[in-house]
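Enquirer: Sharing a structure, written as structure tokens. Questions coming.
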Amino acid sequence: MSQNRAKMESLIDDAKPAVFWSDRSDRPEPLPALSGPEDADLTIVGGGFSGLWAALLACTQDPGREVVVVEAQTCGFGASSRNGGFCDASLTHGFLNGLSHWPKEIGALERMGAENLDELIATCASHKIDAGIERTGSLSVATQEWQAEELLEYHELAAAHGIALDRLDTEEVRAQLNSGSFLSGLWDREGTAMVDPARLVWGLRRACLDLGARIFEHSPVRGTERQDREILVTTDAGVVSSPKVLVATNAWAEPVRAIRRYVVPIYDHVLMTEPLSSEQMALIGWGSRQGVSDSGNQFHYYRLTEDNRILWGGFDANYHRGNGMGPSYELRKESHTLVAGHFFDTFPQLEGLRFSHRWAGPIGTTSKFTAAFGTAHQGDLVWVAGYTGLGVGASRWGARTALDLLDNVVSERTELAMVRKKPMPFPPEPLRNPVIQFTRRQIAKADQNQGKQGAWLRLLGAFGVGFDS
Ligand SMILES: Cc1cc2nc3c(=O)[nH]c(=O)nc-3n(C[C@H](O)[C@H](O)[C@H](O)COP(=O)(O)OP(=O)(O)OC[C@H]3O[C@@H](n4cnc5c(N)ncnc54)[C@H](O)[C@@H]3O)c2cc1C
């Protein structure tokens, strides 16, 4: 970090420790907690995007179906209202990751992802969900020569698979967004929409209620148990009895211990600036308002909000021993200070701009960076978790696939290797922590060495596994 550390720390001290997206007066009132017994046809555990999309799709497909959602805090408490709001068509954490794991299925995966994004946007329109959607696409930028070479290779590979990306040279990329750090860029004009994640959560929640779903908040599920043909989902004050259960708790593995083998929580840190003045906007350009990410293995992602703030997230993704989760990991000053320095390294012309909010959230990641699906209670409970850092759009598809599995519907989705075969599990603790920390250090080292991977990362790659946010 070339910025003055004390200055960055003081900027971080001044930022409100809260999630910008949900720090608003129009935030809906919490719904009552579960108290007493309830019966349903389908119980959904977790009210993030996966749980809410599952509820909405289930109620839409079968309007008579009685659906209950049980959420530990309030809907969107997890990753779903803490994210960058890049709603991407990719179901595979990017085309390259999908191609490397499922070369035979990549065409179908890309097509389904594009359809999913179109349908997501259309569903928001039909349910009058105002999620601030801007289909501006996304811009990958190279800040090092080796990244520029990789973008070039990516461009050619994508073209060979019929994916059209606009290649931007130094002048062109800086004309899009003015940073002296940028050497080149690739603009995917169609594949990403920017959304306001909290408004999407709240809109989905309202649409589910309109369709008759019952949602209970502040109701952490403590366990599930089979009783004859029913599964009992138990909270401290109540129990829901239903023949089918869908668990959508992402990085939280308590309701189904098996999830812990495949999904680890990675805390990703985010800053939000104050709104930029028109003079400040003129200094950076960004007329096309794309979502942007740089191309290192440790990368930043950034975007504009409707009121022209800049959201700046990523780079320093942390794992805490024992799948550690909770508020104590959300305000890691060291991480926020580090990325604040990177912000002003990238946009020195914005000197004087302040950060209004800072927060972090748990990314549920798998060793293949894509969602894992699993079952319990003889297939009458299905879980889906682990979209890594690209679940805003993919969670709708994940929810749909989980419903297919639950209803024993054989579909194009359920036949995919990505769905049928689980990713390689992470080692259990006490090995998990040192292995992940070592891998993180190796990734940082590769970035400092023109992207060249050392023996450990190459070995992981040979087994088709990795670590990402
Ligand atoms: C900082 C950050 C930035 C990100 N940026 C992007 C991005 O720009 N684009 C993108 O595509 N993806 C991004 N992601 C990832 C994306 O947000 C997630 O993949 C997606 O929101 C996952 O949704 P979900 O519903 O599966 O999980 P979550 O939103 O995590 O929801 C899980 C829910 O389950 C609830 N829960 C947990 N335990 C229990 C229990 N015992 N009982 C009842 N309820 C329980 C939680 O309270 C939570 O509400 C980001 C994630 C983070 C953290």
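If you're wondering about the labels, chains in the structure tokens are A, B, ... by order shown, residues count from 1 in each chain, ligands from 1 in order shown.
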Using only C-alpha atoms, what table do you get, as a tab-separated table, when you list each residue of region 310-371 of chain A with an atom no more than 12 Å from region 23-27 of chain A, its nearest pair of atoms, and their distance in Å rounded to one decimal, rows by chain then rising number?
Expert:
residue	atom	partner	partner_atom	distance
A:Ser356	CA	A:Asp23	CA	11.0
A:His357	CA	A:Asp23	CA	9.2
A:Arg358	CA	A:Asp23	CA	11.2
A:Trp359	CA	A:Asp23	CA	11.2
Enquirer: Kindly assemble as CSV a list of the chain A residues that lie within 7 Å of ligand 1, each paired with its nearest atom pair and their distance in Å to one decimal, using only C-alpha atoms and all ligand atoms, sorted first by chain and then by ascending residue number.
Expert:
residue,atom,partner,partner_atom_place_in_ligand_line,distance
A:Val45,CA,ligand 1,43 (C),5.0
A:Gly46,CA,ligand 1,34 (O),3.4
A:Gly47,CA,ligand 1,49 (O),4.8
A:Gly48,CA,ligand 1,25 (O),3.3
A:Phe49,CA,ligand 1,25 (O),3.8
A:Ser50,CA,ligand 1,25 (O),3.8
A:Gly51,CA,ligand 1,25 (O),5.5
A:Val70,CA,ligand 1,43 (C),5.4
A:Glu71,CA,ligand 1,44 (N),3.8
A:Ala72,CA,ligand 1,44 (N),3.8
A:Gln73,CA,ligand 1,47 (O),5.1
A:Thr74,CA,ligand 1,49 (O),6.5
A:Cys75,CA,ligand 1,49 (O),5.2
A:Gly76,CA,ligand 1,49 (O),4.8
A:Phe77,CA,ligand 1,49 (O),4.3
A:Gly78,CA,ligand 1,30 (O),3.7
A:Ala79,CA,ligand 1,29 (O),3.9
A:Ser80,CA,ligand 1,21 (O),3.3
A:Ser81,CA,ligand 1,29 (O),6.8
A:Arg82,CA,ligand 1,1 (C),5.3
A:Asn83,CA,ligand 1,3 (C),3.3
A:Gly84,CA,ligand 1,8 (O),3.4
A:Gly85,CA,ligand 1,8 (O),4.2
A:Phe86,CA,ligand 1,8 (O),3.8
A:Cys87,CA,ligand 1,11 (O),5.1
A:Asp88,CA,ligand 1,11 (O),5.8
A:Ser219,CA,ligand 1,43 (C),6.2
A:Pro220,CA,ligand 1,42 (N),3.7
A:Val221,CA,ligand 1,42 (N),3.7
A:Arg222,CA,ligand 1,41 (N),5.9
A:Ala248,CA,ligand 1,26 (O),5.5
A:Thr249,CA,ligand 1,34 (O),3.6
A:Asn250,CA,ligand 1,27 (O),4.4
A:Ala251,CA,ligand 1,30 (O),6.0
A:Trp252,CA,ligand 1,37 (C),4.9
A:Ala253,CA,ligand 1,38 (N),6.9
A:Glu254,CA,ligand 1,41 (N),5.7
A:Pro255,CA,ligand 1,41 (N),5.3
A:Tyr267,CA,ligand 1,53 (C),6.4
A:Asp268,CA,ligand 1,1 (C),4.6
A:His269,CA,ligand 1,1 (C),5.6
A:Val270,CA,ligand 1,1 (C),6.0
A:Gly313,CA,ligand 1,1 (C),6.9
A:Ala360,CA,ligand 1,1 (C),5.2
A:Gly361,CA,ligand 1,53 (C),3.7
A:Pro362,CA,ligand 1,53 (C),4.3
A:Ile363,CA,ligand 1,53 (C),4.3
A:Gly364,CA,ligand 1,19 (O),6.8
A:Ala385,CA,ligand 1,26 (O),5.6
A:Gly386,CA,ligand 1,19 (O),6.7
A:Tyr387,CA,ligand 1,19 (O),4.7
A:Thr388,CA,ligand 1,19 (O),5.6
A:Gly389,CA,ligand 1,15 (C),4.1
A:Leu390,CA,ligand 1,11 (O),3.2
A:Gly391,CA,ligand 1,19 (O),3.2
A:Val392,CA,ligand 1,11 (O),3.7
A:Gly393,CA,ligand 1,11 (O),5.7
A:Ala394,CA,ligand 1,11 (O),6.9
A:Ser395,CA,ligand 1,23 (O),5.9
Enquirer: Can you tell me, as a PyMOL selection string, what residues are no more than 12 Å from region 97-109 of chain A when counting only C-alpha atoms, ignoring any on the same chain fewer than 3 positions away?
Expert: chain A and resi 89-94+112-116+154+157-158+160-163+367-371+388+390+394+397+412-419+421+423+461-468
Enquirer: Closest to Ala213 (chain A) among A:Trp286, A:Phe315, A:Tyr329, A:Trp53, using only C-alpha atoms?
Expert: A:Trp53
Enquirer: Go through A:Asp380, A:Gln176, A:His127, A:Gly185 and flag the residue nearest Leu151 (chain A), using only C-alpha atoms for the distances.
Expert: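 Result for the nearest residue to Leu151 (chain A): A:Gly185.
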Enquirer: Can you pull out every residue within 9 Å of Gln442 (chain A), counting only C-alpha atoms, but drop anything in the same chain fewer than 2 positions away, and send it as a list in words?
Expert: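 Close residues of Gln442 (chain A): Gln437, Phe438, Thr439, Arg440, Ala444, Lys445, Ala446, Asp447, Gln453, Gly454, Trp456 and Leu457 of chain A.
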Enquirer: Selected residues, N, CA and C atoms, written as a PDB file, in the first residue's frame, please.
Expert:
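What ended up in again_2.pdb:
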ATOM      1  N   GLN A 437      -4.736 -21.277   5.068  1.00  0.00           N
ATOM      2  CA  GLN A 437      -3.854 -20.109   5.229  1.00  0.00           C
ATOM      3  C   GLN A 437      -2.619 -20.245   4.328  1.00  0.00           C
ATOM      4  N   PHE A 438      -2.082 -21.446   4.235  1.00  0.00           N
ATOM      5  CA  PHE A 438      -0.911 -21.659   3.374  1.00  0.00           C
ATOM      6  C   PHE A 438      -1.294 -21.387   1.912  1.00  0.00           C
ATOM      7  N   THR A 439      -2.465 -21.877   1.525  1.00  0.00           N
ATOM      8  CA  THR A 439      -2.912 -21.679   0.140  1.00  0.00           C
ATOM      9  C   THR A 439      -3.089 -20.183  -0.146  1.00  0.00           C
ATOM     10  N   ARG A 440      -3.669 -19.469   0.803  1.00  0.00           N
ATOM     11  CA  ARG A 440      -3.843 -18.012   0.626  1.00  0.00           C
ATOM     12  C   ARG A 440      -2.490 -17.340   0.412  1.00  0.00           C
ATOM     13  N   ALA A 444      -1.173 -15.185  -2.903  1.00  0.00           N
ATOM     14  CA  ALA A 444      -0.612 -13.830  -2.849  1.00  0.00           C
ATOM     15  C   ALA A 444       0.776 -13.816  -3.484  1.00  0.00           C
ATOM     16  N   LYS A 445       1.541 -14.878  -3.223  1.00  0.00           N
ATOM     17  CA  LYS A 445       2.899 -14.958  -3.771  1.00  0.00           C
ATOM     18  C   LYS A 445       2.856 -15.029  -5.304  1.00  0.00           C
ATOM     19  N   ALA A 446       1.907 -15.812  -5.817  1.00  0.00           N
ATOM     20  CA  ALA A 446       1.783 -15.932  -7.282  1.00  0.00           C
ATOM     21  C   ALA A 446       1.481 -14.563  -7.893  1.00  0.00           C
ATOM     22  N   ASP A 447       0.607 -13.794  -7.234  1.00  0.00           N
ATOM     23  CA  ASP A 447       0.277 -12.460  -7.761  1.00  0.00           C
ATOM     24  C   ASP A 447       1.508 -11.555  -7.792  1.00  0.00           C
ATOM     25  N   GLN A 453       2.308 -19.678 -10.682  1.00  0.00           N
ATOM     26  CA  GLN A 453       1.930 -20.487  -9.527  1.00  0.00           C
ATOM     27  C   GLN A 453       3.075 -21.376  -9.079  1.00  0.00           C
ATOM     28  N   GLY A 454       3.218 -21.503  -7.771  1.00  0.00           N
ATOM     29  CA  GLY A 454       4.216 -22.408  -7.215  1.00  0.00           C
ATOM     30  C   GLY A 454       3.696 -23.837  -7.223  1.00  0.00           C
ATOM     31  N   TRP A 456       2.624 -25.854  -4.930  1.00  0.00           N
ATOM     32  CA  TRP A 456       1.400 -26.196  -4.173  1.00  0.00           C
ATOM     33  C   TRP A 456       0.142 -25.881  -4.989  1.00  0.00           C
ATOM     34  N   LEU A 457       0.121 -24.682  -5.589  1.00  0.00           N
ATOM     35  CA  LEU A 457      -1.070 -24.305  -6.363  1.00  0.00           C
ATOM     36  C   LEU A 457      -1.205 -25.181  -7.608  1.00  0.00           C
TER      37      LEU A 457
END
Enquirer: If I take CA of Met194 (chain A) and CA of Thr136 (chain A), how far is one from the other in Å, to one decimal?
Expert: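 These atoms are spaced 6.9 Å apart.
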Enquirer: Tell me, in Å to one decimal, how far CA of Glu145 (chain A) is from CA of Ala164 (chain A).
Expert: 22.5 Å
Enquirer: Pick out each residue of region 369-468 of chain A that DSSP on the backbone tags as strand (DSSP E); I need them as a list in words.
Expert: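 Selecting the strand (DSSP E) positions of region 369-468 of chain A gives Ala372, Phe373, Gly374, Thr375, Ala376, Leu381, Val382, Trp383, Val384 and Ala385 of chain A.
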Enquirer: The selected residues should be written to file as an mmCIF file, in the first residue's frame (atoms: C-alpha atoms).
Expert:
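This is the output file selection18.cif:
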data_model
loop_
_atom_site.group_PDB
_atom_site.id
_atom_site.type_symbol
_atom_site.label_atom_id
_atom_site.label_comp_id
_atom_site.auth_asym_id
_atom_site.auth_seq_id
_atom_site.Cartn_x
_atom_site.Cartn_y
_atom_site.Cartn_z
ATOM 1 C CA ALA A 372 -22.751 -28.034 -3.984
ATOM 2 C CA PHE A 373 -25.984 -29.998 -3.621
ATOM 3 C CA GLY A 374 -26.672 -32.714 -1.076
ATOM 4 C CA THR A 375 -29.470 -34.651 0.561
ATOM 5 C CA ALA A 376 -30.464 -36.035 3.951
ATOM 6 C CA LEU A 381 -34.183 -32.827 2.637
ATOM 7 C CA VAL A 382 -32.042 -31.156 -0.032
ATOM 8 C CA TRP A 383 -29.361 -28.578 0.662
ATOM 9 C CA VAL A 384 -27.629 -26.175 -1.682
ATOM 10 C CA ALA A 385 -24.693 -24.002 -0.662
#
Enquirer: Measure the distance from CA of His320 (chain A) to CA of Pro427 (chain A) in Å and round it to one decimal.
Expert: 14.3 Å
Enquirer: I need the residue nearest His155 (chain A) from this list: A:Ile231, A:Leu96, A:Val68, A:Met424. Use only C-alpha atoms for the distance.
Expert: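 Closest candidate: A:Leu96.
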Enquirer: Taking into account only C-alpha atoms, which residue in the set A:Gly291, A:Pro63, A:Pro428, A:Gly180 is nearest to Cys208 (chain A)?
Expert: A:Pro63
Enquirer: Find the residues around Arg167 (chain A) up to 12 Å (only C-alpha atoms counted), leave out those fewer than 4 positions away in its own chain, and share them as a list in words.
Expert: Leu139, Ser140, Val141, Ala142, Ala148, Glu149, Leu151, Leu152, Glu153, Tyr154, His155, Glu156, Ala158, Ala159, Glu171, Glu172, Val173, Leu183, Ser184, Gly185, Leu186, Trp187, Asp188 and Arg189 of chain A
Enquirer: Go ahead and save the picked residues with C-alpha atoms, as a PDB file, in the first residue's frame.
Expert:
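selection_5.pdb, written as the output of this step:
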ATOM      1  CA  LEU A 139     -15.370  -4.938 -17.158  1.00  0.00           C
ATOM      2  CA  SER A 140     -12.289  -7.004 -16.261  1.00  0.00           C
ATOM      3  CA  VAL A 141      -9.192  -4.841 -16.086  1.00  0.00           C
ATOM      4  CA  ALA A 142      -5.521  -5.764 -16.177  1.00  0.00           C
ATOM      5  CA  ALA A 148      -3.085  -8.257 -19.774  1.00  0.00           C
ATOM      6  CA  GLU A 149      -1.697 -11.400 -21.419  1.00  0.00           C
ATOM      7  CA  LEU A 151      -7.067 -11.320 -20.594  1.00  0.00           C
ATOM      8  CA  LEU A 152      -5.933 -11.692 -24.190  1.00  0.00           C
ATOM      9  CA  GLU A 153      -5.939 -15.487 -23.904  1.00  0.00           C
ATOM     10  CA  TYR A 154      -9.317 -15.357 -22.201  1.00  0.00           C
ATOM     11  CA  HIS A 155     -10.693 -13.211 -25.018  1.00  0.00           C
ATOM     12  CA  GLU A 156      -9.599 -15.759 -27.634  1.00  0.00           C
ATOM     13  CA  ALA A 158     -14.229 -17.084 -25.070  1.00  0.00           C
ATOM     14  CA  ALA A 159     -14.519 -16.157 -28.769  1.00  0.00           C
ATOM     15  CA  GLU A 171      -6.597   4.247 -23.895  1.00  0.00           C
ATOM     16  CA  GLU A 172     -10.002   2.613 -24.377  1.00  0.00           C
ATOM     17  CA  VAL A 173     -10.179   1.101 -20.914  1.00  0.00           C
ATOM     18  CA  LEU A 183      -3.426  -1.462 -18.890  1.00  0.00           C
ATOM     19  CA  SER A 184      -6.256  -3.135 -20.784  1.00  0.00           C
ATOM     20  CA  GLY A 185      -9.740  -4.486 -20.316  1.00  0.00           C
ATOM     21  CA  LEU A 186     -12.418  -6.915 -21.439  1.00  0.00           C
ATOM     22  CA  TRP A 187     -16.006  -5.746 -21.380  1.00  0.00           C
ATOM     23  CA  ASP A 188     -18.756  -8.331 -21.204  1.00  0.00           C
ATOM     24  CA  ARG A 189     -21.724  -6.167 -22.162  1.00  0.00           C
TER      25      ARG A 189
END
Enquirer: Using only C-alpha atoms for the distances, tell me which of A:Leu403, A:Asp228, A:Arg206, A:Ser138 is nearest to Tyr302 (chain A).
Expert: A:Ser138
Enquirer: So, counting only C-alpha atoms, which residue among A:Asp14, A:Glu351, A:Asp345, A:Glu190 is closest to Asp118 (chain A)?
Expert: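 Closest to Asp118 (chain A) of all the choices is A:Glu190.
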Enquirer: Would you mind listing what lies within 12 Å of Glu225 (chain A) as an NGL selection string, with only C-alpha atoms counted and same-chain residues fewer than 5 positions away left out?
Expert: :A and (230-235 or 239-245 or 255-256 or 376-378 or 380-381)
Enquirer: Run DSSP on the backbone and give me the residues of region 180-301 of chain A it puts in alpha helix (DSSP H), as a tab-separated table (two decimals) with C-alpha atoms, in the first residue's frame.
Expert:
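Ended up saving to result05.tsv:
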chain	number	residue	atom	x	y	z
A	197	PRO	CA	-29.00	-6.62	-3.23
A	198	ALA	CA	-31.02	-5.58	-0.18
A	199	ARG	CA	-33.82	-4.23	-2.34
A	200	LEU	CA	-33.79	-7.51	-4.24
A	201	VAL	CA	-34.05	-9.45	-0.96
A	202	TRP	CA	-36.87	-7.26	0.32
A	203	GLY	CA	-38.71	-7.43	-3.00
A	204	LEU	CA	-38.46	-11.22	-3.12
A	205	ARG	CA	-39.61	-11.45	0.50
A	206	ARG	CA	-42.65	-9.32	-0.25
A	207	ALA	CA	-43.43	-11.30	-3.44
A	208	CYS	CA	-43.23	-14.57	-1.48
A	209	LEU	CA	-45.65	-13.22	1.13
A	210	ASP	CA	-47.99	-12.04	-1.65
A	259	ILE	CA	-22.38	-29.02	4.56
A	260	ARG	CA	-19.34	-28.25	6.69
A	261	ARG	CA	-17.26	-30.75	4.75
A	262	TYR	CA	-17.81	-28.97	1.45
A	278	SER	CA	-20.33	15.72	-10.45
A	279	GLU	CA	-16.75	17.09	-10.45
A	280	GLN	CA	-15.47	13.85	-8.93
A	281	MET	CA	-17.50	11.81	-11.43
A	282	ALA	CA	-15.94	13.83	-14.24
A	283	LEU	CA	-12.49	12.89	-12.94
A	284	ILE	CA	-13.14	9.17	-13.32
